[in-house]
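Student: Data file protein39.cif (mmCIF, C-alpha atoms) is appended below.
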```cif
data_query
#
loop_
_atom_site.label_atom_id
_atom_site.label_comp_id
_atom_site.auth_asym_id
_atom_site.auth_seq_id
_atom_site.Cartn_x
_atom_site.Cartn_y
_atom_site.Cartn_z
CA LYS A 1 93.09 91.37 71.57
CA ASN A 2 90.66 90.20 68.90
CA GLU A 3 90.34 86.48 68.39
CA VAL A 4 89.62 87.09 64.68
CA GLU A 5 91.51 89.64 62.61
CA GLN A 6 90.61 90.62 59.06
CA SER A 7 92.53 92.55 56.46
CA PRO A 8 92.13 94.87 54.80
CA GLN A 9 89.46 96.82 56.67
CA ASN A 10 88.47 98.65 53.52
CA LEU A 11 89.03 97.71 49.89
CA THR A 12 88.17 99.48 46.66
CA ALA A 13 88.52 97.65 43.36
CA GLN A 14 87.72 98.19 39.71
CA GLU A 15 85.12 95.94 38.15
CA GLY A 16 86.73 92.76 36.90
CA GLU A 17 89.59 92.72 39.38
CA PHE A 18 90.55 89.67 41.44
CA ILE A 19 89.96 90.36 45.13
CA THR A 20 91.40 88.71 48.22
CA ILE A 21 90.27 89.23 51.80
CA ASN A 22 92.29 87.67 54.60
CA CYS A 23 91.32 86.32 57.99
CA SER A 24 93.56 85.16 60.84
CA TYR A 25 92.38 83.67 64.10
CA SER A 26 94.00 82.80 67.39
CA VAL A 27 91.62 80.26 68.97
CA GLY A 28 90.91 76.62 68.36
CA ILE A 29 88.03 76.19 65.99
CA SER A 30 85.76 73.56 64.55
CA ALA A 31 84.80 75.66 61.52
CA LEU A 32 85.36 79.02 59.87
CA HIS A 33 82.57 81.02 58.28
CA TRP A 34 82.53 83.75 55.67
CA LEU A 35 79.51 86.03 55.79
CA GLN A 36 78.30 88.83 53.53
CA GLN A 37 76.37 91.91 54.61
CA HIS A 38 75.06 94.41 52.07
CA PRO A 39 74.47 98.01 53.22
CA GLY A 40 71.25 98.07 55.18
CA GLY A 41 70.79 94.39 54.52
CA GLY A 42 70.88 91.21 56.47
CA ILE A 43 73.80 88.86 56.90
CA VAL A 44 74.11 85.96 54.50
CA SER A 45 76.33 82.97 55.07
CA LEU A 46 78.66 82.34 52.11
CA PHE A 47 80.82 79.47 53.28
CA MET A 48 81.42 77.22 56.23
CA LEU A 49 84.68 75.30 56.01
CA SER A 50 86.98 73.34 58.25
CA SER A 51 89.68 72.37 55.76
CA GLY A 52 90.83 72.88 52.20
CA LYS A 53 88.88 74.96 49.74
CA LYS A 54 85.31 75.62 48.70
CA LYS A 55 84.02 77.33 45.57
CA HIS A 56 80.65 78.84 44.80
CA GLY A 57 80.33 80.72 41.55
CA ARG A 58 82.94 83.48 41.53
CA LEU A 59 83.69 83.06 45.23
CA ILE A 60 86.46 80.83 46.57
CA ALA A 61 87.29 80.28 50.24
CA THR A 62 90.41 78.57 51.51
CA ILE A 63 91.61 77.69 54.96
CA ASN A 64 94.99 76.66 56.36
CA ILE A 65 94.39 75.09 59.75
CA GLN A 66 98.08 74.92 60.69
CA GLU A 67 98.58 78.63 60.00
CA LYS A 68 95.14 79.60 61.38
CA HIS A 69 94.45 81.60 58.27
CA SER A 70 91.70 81.80 55.69
CA SER A 71 91.22 83.77 52.51
CA LEU A 72 88.13 84.73 50.55
CA HIS A 73 88.70 85.35 46.86
CA ILE A 74 86.34 86.99 44.41
CA THR A 75 87.11 86.52 40.73
CA ALA A 76 85.89 88.95 38.05
CA SER A 77 84.50 91.31 40.67
CA HIS A 78 81.26 93.14 40.00
CA PRO A 79 79.66 96.22 41.60
CA ARG A 80 77.01 93.98 43.15
CA ASP A 81 79.79 92.34 45.17
CA SER A 82 80.07 95.61 47.12
CA ALA A 83 79.34 94.64 50.71
CA VAL A 84 80.95 93.97 54.06
CA TYR A 85 82.55 90.54 54.29
CA ILE A 86 82.81 89.11 57.78
CA CYS A 87 84.98 86.22 58.92
CA ALA A 88 83.75 84.23 61.91
CA VAL A 89 85.05 81.15 63.68
CA SER A 90 83.16 78.62 65.73
CA GLY A 91 84.45 76.32 68.41
CA ASN A 92 83.39 76.62 72.01
CA GLN A 93 82.10 80.05 71.09
CA PHE A 94 81.47 82.11 68.00
CA TYR A 95 83.97 84.90 67.32
CA PHE A 96 83.46 87.49 64.61
CA GLY A 97 85.91 89.72 62.82
CA THR A 98 85.05 93.39 62.32
CA GLY A 99 84.55 92.91 58.61
CA THR A 100 86.09 94.10 55.36
CA SER A 101 84.16 96.76 53.49
CA LEU A 102 84.46 96.12 49.74
CA THR A 103 83.50 98.65 47.09
CA VAL A 104 83.67 97.60 43.44
CA ILE A 105 83.65 100.52 41.03
CA PRO A 106 82.14 100.08 37.54
CA GLU B 1 61.50 77.77 53.17
CA ALA B 2 61.01 80.86 55.30
CA GLY B 3 64.11 82.41 56.78
CA VAL B 4 64.61 83.83 60.24
CA VAL B 5 61.90 86.38 60.95
CA GLN B 6 62.39 89.34 63.23
CA SER B 7 60.10 92.14 64.31
CA PRO B 8 59.93 95.00 64.45
CA ARG B 9 62.43 96.04 61.77
CA TYR B 10 62.85 99.48 63.28
CA LYS B 11 62.17 100.89 66.71
CA ILE B 12 62.64 104.39 68.10
CA ILE B 13 62.16 104.95 71.81
CA GLU B 14 63.13 107.43 74.45
CA LYS B 15 65.72 106.48 77.03
CA LYS B 16 64.44 104.71 80.12
CA GLN B 17 61.60 103.15 78.13
CA PRO B 18 61.30 99.37 77.74
CA VAL B 19 61.59 97.65 74.37
CA ALA B 20 61.17 94.09 73.15
CA PHE B 21 62.33 92.29 70.02
CA TRP B 22 60.88 89.09 68.65
CA CYS B 23 62.51 86.34 66.62
CA ASN B 24 61.12 83.28 64.88
CA PRO B 25 63.95 80.94 63.79
CA ILE B 26 63.99 78.58 60.85
CA SER B 27 61.77 75.62 61.51
CA GLY B 28 63.69 72.77 63.09
CA HIS B 29 66.66 74.88 64.17
CA ASN B 30 67.39 74.11 67.80
CA THR B 31 70.11 76.73 68.25
CA LEU B 32 69.15 80.38 68.43
CA TYR B 33 71.44 83.38 68.85
CA TRP B 34 70.88 87.01 69.72
CA TYR B 35 73.57 89.45 68.60
CA LEU B 36 74.17 93.15 68.90
CA GLN B 37 75.84 94.93 65.99
CA ASN B 38 77.15 98.46 66.17
CA LEU B 39 77.88 100.41 63.01
CA GLY B 40 81.10 99.27 61.37
CA GLN B 41 81.53 96.39 63.79
CA GLY B 42 80.96 92.68 63.62
CA PRO B 43 78.14 91.04 65.56
CA GLU B 44 78.63 90.54 69.29
CA LEU B 45 76.94 87.57 70.91
CA LEU B 46 74.42 88.40 73.64
CA ILE B 47 72.92 84.98 74.28
CA ARG B 48 72.74 81.51 72.75
CA TYR B 49 69.92 79.05 73.25
CA GLU B 50 69.88 75.31 72.77
CA ASN B 51 66.17 74.59 72.56
CA GLU B 52 64.71 76.49 75.52
CA GLU B 53 67.92 76.53 77.57
CA ALA B 54 70.21 79.55 77.62
CA VAL B 55 73.65 77.92 77.34
CA ASP B 56 75.76 81.06 76.90
CA ASP B 57 74.56 84.36 78.32
CA SER B 58 77.88 85.58 79.65
CA GLN B 59 77.80 88.72 77.46
CA LEU B 60 74.21 89.65 78.27
CA PRO B 61 73.98 92.75 80.53
CA LYS B 62 71.61 91.14 82.96
CA ASP B 63 70.82 94.31 84.88
CA ARG B 64 68.73 95.58 81.97
CA PHE B 65 68.59 92.84 79.34
CA SER B 66 66.53 89.68 79.51
CA ALA B 67 65.63 86.99 77.03
CA GLU B 68 63.40 83.99 76.87
CA ARG B 69 62.70 81.16 74.49
CA LEU B 70 59.61 79.47 75.77
CA LYS B 71 58.86 76.12 74.10
CA GLY B 72 62.21 76.27 72.34
CA VAL B 73 60.97 78.04 69.21
CA ASP B 74 60.30 81.79 69.20
CA SER B 75 62.43 84.05 71.31
CA THR B 76 62.06 87.52 72.82
CA LEU B 77 64.83 89.89 73.83
CA LYS B 78 63.91 92.71 76.19
CA ILE B 79 65.68 95.83 77.37
CA GLN B 80 64.36 97.66 80.41
CA PRO B 81 65.20 100.47 80.81
CA ALA B 82 66.88 101.37 77.53
CA GLU B 83 69.92 103.63 77.51
CA LEU B 84 71.34 105.81 74.76
CA GLY B 85 74.22 103.38 74.26
CA ASP B 86 71.80 100.58 73.43
CA SER B 87 71.20 102.07 69.97
CA ALA B 88 72.32 99.33 67.58
CA VAL B 89 71.05 96.59 65.32
CA TYR B 90 69.85 93.51 67.18
CA LEU B 91 70.28 90.38 65.11
CA CYS B 92 68.74 86.98 65.61
CA ALA B 93 70.24 83.89 63.99
CA SER B 94 69.54 80.20 64.08
CA SER B 95 71.33 77.00 63.16
CA SER B 96 70.40 73.37 63.19
CA ARG B 97 73.23 72.57 65.61
CA PRO B 98 75.89 74.56 67.49
CA GLY B 99 78.75 75.56 65.18
CA ASP B 100 76.77 74.90 62.01
CA THR B 101 76.02 77.57 59.45
CA GLN B 102 73.99 80.33 61.02
CA TYR B 103 71.12 81.95 59.20
CA PHE B 104 70.54 85.55 60.17
CA GLY B 105 67.35 87.53 60.35
CA PRO B 106 67.13 91.06 58.93
CA GLY B 107 67.69 92.58 62.36
CA THR B 108 65.92 95.23 64.41
CA ARG B 109 67.45 98.68 64.24
CA LEU B 110 66.96 100.32 67.64
CA THR B 111 67.38 104.04 68.15
CA VAL B 112 67.26 105.35 71.71
CA LEU B 113 66.70 109.10 71.96
#
```
Write out the structure in this file as structure tokens.

Tutor:
Amino acid sequence: KNEVEQSPQNLTAQEGEFITINCSYSVGISALHWLQQHPGGGIVSLFMLSSGKKKHGRLIATINIQEKHSSLHITASHPRDSAVYICAVSGNQFYFGTGTSLTVIP
Amino acid sequence: EAGVVQSPRYKIIEKKQPVAFWCNPISGHNTLYWYLQNLGQGPELLIRYENEEAVDDSQLPKDRFSAERLKGVDSTLKIQPAELGDSAVYLCASSSRPGDTQYFGPGTRLTVL
């Protein structure tokens, strides 16, 4: 059983579409993290949040602590958003999801 | 500000050979992580350091893997002897405190032949 589950595993979208990636977790956490990994590239931290919502440019992350669920939204998607998006939670330990591979087609 | 530095970026060795990876975290970050990432998978924690103390090494295969963080700054991860199944990307990350945002290095891609 994975402590962090992401959906979908793979996602293809047309440029300009609104994208949502979901993350559910089963452990107690102090924070949830959204990470981005481009093909062959390093991992970049996008958000760390413990409640509510955060926004950075076209990216929005929300978390519902009661439901143990978080979503990452990308508005007006662009081909450069193509990457793997990883959800991770931190508490006593760090747990990572397996990632969502996003491809945005021009 | 310099990010997390790792070397080498790529390493190809034959099985049963030793290999070592080096990581220099962001200045001032007390927490350092070593992860293993297989293709299409999320990172898996190998070991976490708080300063020079290894506080979580439960997932480190201690029969062949070892790590050290002398002086609480740079860290080295070693595999001896390497096996075919060790082929993966080895990531180093650091954070100012446990649970805070982690900053990842570019990783070392290891191929064991």

Student: As a check of understanding, name the residues that the PyMOL selection byres ((chain B) within 6 of (chain A)) selects in the supplied structure, as number ranges by chain.

Tutor: B: 41-42, 99, 104, 106

Student: Let me see the file: selected residues, C-alpha atoms, as an mmCIF file, keeping the file's coordinate frame.

Tutor:
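New file result_11.cif:
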```
data_model
loop_
_atom_site.group_PDB
_atom_site.id
_atom_site.type_symbol
_atom_site.label_atom_id
_atom_site.label_comp_id
_atom_site.auth_asym_id
_atom_site.auth_seq_id
_atom_site.Cartn_x
_atom_site.Cartn_y
_atom_site.Cartn_z
ATOM 1 C CA GLN B 41 81.530 96.390 63.790
ATOM 2 C CA GLY B 42 80.960 92.680 63.620
ATOM 3 C CA GLY B 99 78.750 75.560 65.180
ATOM 4 C CA PHE B 104 70.540 85.550 60.170
ATOM 5 C CA PRO B 106 67.130 91.060 58.930
#
```

Student: Quick one, how far is CA of Ala93 in chain B from CA of Trp34 in chain B?

Tutor: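 That distance, rounded to one decimal, is 6.6 Å.
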
Student: I'd like the interatomic distance between CA of Phe65 in chain B and CA of Arg9 in chain B, to a tenth of an Å.

Tutor: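 Spanning CA of Phe65 in chain B to CA of Arg9 in chain B is a straight-line distance of 18.9 Å.
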
Student: With a distance cut-off of 10 Å and all atoms listed in the file, select the neighbouring residues of Leu91 in chain B, excluding the residue or stretch itself and same-chain residues fewer than 2 positions from it, and output the selection as a PyMOL selection string.

Tutor: (chain A and resi 42-43) or (chain B and resi 4+6+21+23+33-37+43-46+88-89+93+104-109)

Student: Filtering to C-alpha atoms, could you give me those residues as a PDB file, keeping the file's coordinate frame?

Tutor:
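The result, written out as again_18.pdb:
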```pdb
ATOM      1  CA  GLY A  42      70.880  91.210  56.470  1.00  0.00           C
ATOM      2  CA  ILE A  43      73.800  88.860  56.900  1.00  0.00           C
TER       3      ILE A  43
ATOM      4  CA  VAL B   4      64.610  83.830  60.240  1.00  0.00           C
ATOM      5  CA  GLN B   6      62.390  89.340  63.230  1.00  0.00           C
ATOM      6  CA  PHE B  21      62.330  92.290  70.020  1.00  0.00           C
ATOM      7  CA  CYS B  23      62.510  86.340  66.620  1.00  0.00           C
ATOM      8  CA  TYR B  33      71.440  83.380  68.850  1.00  0.00           C
ATOM      9  CA  TRP B  34      70.880  87.010  69.720  1.00  0.00           C
ATOM     10  CA  TYR B  35      73.570  89.450  68.600  1.00  0.00           C
ATOM     11  CA  LEU B  36      74.170  93.150  68.900  1.00  0.00           C
ATOM     12  CA  GLN B  37      75.840  94.930  65.990  1.00  0.00           C
ATOM     13  CA  PRO B  43      78.140  91.040  65.560  1.00  0.00           C
ATOM     14  CA  GLU B  44      78.630  90.540  69.290  1.00  0.00           C
ATOM     15  CA  LEU B  45      76.940  87.570  70.910  1.00  0.00           C
ATOM     16  CA  LEU B  46      74.420  88.400  73.640  1.00  0.00           C
ATOM     17  CA  ALA B  88      72.320  99.330  67.580  1.00  0.00           C
ATOM     18  CA  VAL B  89      71.050  96.590  65.320  1.00  0.00           C
ATOM     19  CA  ALA B  93      70.240  83.890  63.990  1.00  0.00           C
ATOM     20  CA  PHE B 104      70.540  85.550  60.170  1.00  0.00           C
ATOM     21  CA  GLY B 105      67.350  87.530  60.350  1.00  0.00           C
ATOM     22  CA  PRO B 106      67.130  91.060  58.930  1.00  0.00           C
ATOM     23  CA  GLY B 107      67.690  92.580  62.360  1.00  0.00           C
ATOM     24  CA  THR B 108      65.920  95.230  64.410  1.00  0.00           C
ATOM     25  CA  ARG B 109      67.450  98.680  64.240  1.00  0.00           C
TER      26      ARG B 109
END
```

Student: Go through the shown structure with the PyMOL selection byres ((chain B and resi 14) around 6) and write out the matching residues as a list in words.

Tutor: Ile13, Lys15, Gln17, Val112 and Leu113 of chain B

Student: On this structure, which residues satisfy the PyMOL selection byres ((chain A and resi 66) around 12), written as a list of chain:residue names?

Tutor: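 Applied to this file, the PyMOL selection byres ((chain A and resi 66) around 12) returns A:Ser24, A:Tyr25, A:Ser26, A:Val27, A:Gly28, A:Ile29, A:Ser50, A:Ser51, A:Gly52, A:Ile63, A:Asn64, A:Ile65, A:Glu67, A:Lys68, A:His69, A:Ser70.
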
Student: What is the distance, in Å and to one decimal place, between CA of Asn30 in chain B and CA of Pro8 in chain B?

Tutor: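 Answer for the CA of Asn30 in chain B to CA of Pro8 in chain B separation: 22.4 Å.
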
Student: So, counting all atoms listed in the file, which residue among B:Ser66, B:Arg97, B:Asn38, B:Ala2 is closest to Glu50 in chain B?

Tutor: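 Among the listed residues, B:Arg97 lies closest to Glu50 in chain B.
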
Student: Excluding range 14-19 of chain A and residues on its chain fewer than 2 positions from it, collect all residues at most 7 Å away from it, counting all atoms listed in the file, and give them as a list in words.

Tutor: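 Here the qualifying residues turn out to be Ile21, His73, Ile74, Thr75, Ala76, Ser77, His78, Pro79, Val104, Ile105 and Pro106 of chain A.
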
Student: Write the residues of the preceding selection, restricted to C-alpha atoms, as a short mmCIF file (atom, residue, chain, number, x, y, z; two decimals), in the coordinates of the input.

Tutor:
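Output saved as part_39.cif:
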```cif
data_model
loop_
_atom_site.label_atom_id
_atom_site.label_comp_id
_atom_site.auth_asym_id
_atom_site.auth_seq_id
_atom_site.Cartn_x
_atom_site.Cartn_y
_atom_site.Cartn_z
CA ILE A 21 90.27 89.23 51.80
CA HIS A 73 88.70 85.35 46.86
CA ILE A 74 86.34 86.99 44.41
CA THR A 75 87.11 86.52 40.73
CA ALA A 76 85.89 88.95 38.05
CA SER A 77 84.50 91.31 40.67
CA HIS A 78 81.26 93.14 40.00
CA PRO A 79 79.66 96.22 41.60
CA VAL A 104 83.67 97.60 43.44
CA ILE A 105 83.65 100.52 41.03
CA PRO A 106 82.14 100.08 37.54
#
```

Student: Since the input is missing atoms, can you rebuild N, CA, C and O atoms for range 77-99 of chain B and write them as a compact mmCIF listing (two decimals), in the coordinates of the input?

Tutor:
```txt
# COMPACT_ATOMS: atom_id res chain seq x y z
N LEU B 77 63.75 89.18 73.14
CA LEU B 77 64.83 89.89 73.83
C LEU B 77 64.26 91.22 74.32
O LEU B 77 63.63 91.93 73.55
N LYS B 78 64.47 91.49 75.60
CA LYS B 78 63.91 92.71 76.19
C LYS B 78 65.00 93.57 76.80
O LYS B 78 65.98 93.05 77.35
N ILE B 79 64.80 94.87 76.71
CA ILE B 79 65.68 95.83 77.37
C ILE B 79 64.80 96.73 78.24
O ILE B 79 63.82 97.29 77.76
N GLN B 80 65.14 96.81 79.51
CA GLN B 80 64.36 97.66 80.41
C GLN B 80 65.21 98.09 81.59
O GLN B 80 65.62 97.23 82.38
N PRO B 81 65.50 99.38 81.73
CA PRO B 81 65.20 100.47 80.81
C PRO B 81 66.28 100.64 79.76
O PRO B 81 67.44 100.29 80.00
N ALA B 82 65.90 101.16 78.60
CA ALA B 82 66.88 101.37 77.53
C ALA B 82 67.73 102.60 77.82
O ALA B 82 67.27 103.58 78.42
N GLU B 83 69.00 102.51 77.38
CA GLU B 83 69.92 103.63 77.51
C GLU B 83 70.37 104.07 76.12
O GLU B 83 70.24 103.33 75.15
N LEU B 84 70.91 105.28 76.05
CA LEU B 84 71.34 105.81 74.76
C LEU B 84 72.32 104.87 74.06
O LEU B 84 72.26 104.67 72.84
N GLY B 85 73.20 104.26 74.82
CA GLY B 85 74.22 103.38 74.26
C GLY B 85 73.68 102.07 73.72
O GLY B 85 74.43 101.30 73.12
N ASP B 86 72.40 101.82 73.93
CA ASP B 86 71.80 100.58 73.43
C ASP B 86 71.41 100.70 71.95
O ASP B 86 71.02 99.71 71.34
N SER B 87 71.52 101.89 71.39
CA SER B 87 71.20 102.07 69.97
C SER B 87 72.14 101.20 69.14
O SER B 87 73.36 101.32 69.22
N ALA B 88 71.55 100.31 68.36
CA ALA B 88 72.32 99.33 67.58
C ALA B 88 71.34 98.51 66.76
O ALA B 88 70.13 98.71 66.83
N VAL B 89 71.89 97.58 66.00
CA VAL B 89 71.05 96.59 65.32
C VAL B 89 71.10 95.31 66.13
O VAL B 89 72.19 94.84 66.49
N TYR B 90 69.93 94.76 66.43
CA TYR B 90 69.85 93.51 67.18
C TYR B 90 69.49 92.40 66.19
O TYR B 90 68.44 92.42 65.55
N LEU B 91 70.41 91.46 66.09
CA LEU B 91 70.28 90.38 65.11
C LEU B 91 69.92 89.08 65.80
O LEU B 91 70.45 88.75 66.86
N CYS B 92 69.06 88.33 65.17
CA CYS B 92 68.74 86.98 65.61
C CYS B 92 69.23 86.02 64.53
O CYS B 92 69.12 86.31 63.33
N ALA B 93 69.78 84.90 64.93
CA ALA B 93 70.24 83.89 63.99
C ALA B 93 69.89 82.52 64.54
O ALA B 93 69.70 82.35 65.74
N SER B 94 69.80 81.56 63.63
CA SER B 94 69.54 80.20 64.08
C SER B 94 70.37 79.23 63.27
O SER B 94 70.80 79.52 62.15
N SER B 95 70.63 78.08 63.85
CA SER B 95 71.33 77.00 63.16
C SER B 95 70.75 75.68 63.63
O SER B 95 70.14 75.59 64.69
N SER B 96 70.97 74.66 62.83
CA SER B 96 70.40 73.37 63.19
C SER B 96 71.12 72.78 64.40
O SER B 96 70.50 72.13 65.25
N ARG B 97 72.44 73.05 64.47
CA ARG B 97 73.23 72.57 65.61
C ARG B 97 74.27 73.63 65.93
O ARG B 97 74.61 74.45 65.08
N PRO B 98 74.83 73.61 67.15
CA PRO B 98 75.89 74.56 67.49
C PRO B 98 77.07 74.43 66.53
O PRO B 98 77.49 73.33 66.21
N GLY B 99 77.59 75.57 66.06
CA GLY B 99 78.75 75.56 65.18
C GLY B 99 78.41 75.41 63.71
O GLY B 99 79.26 75.66 62.86
```
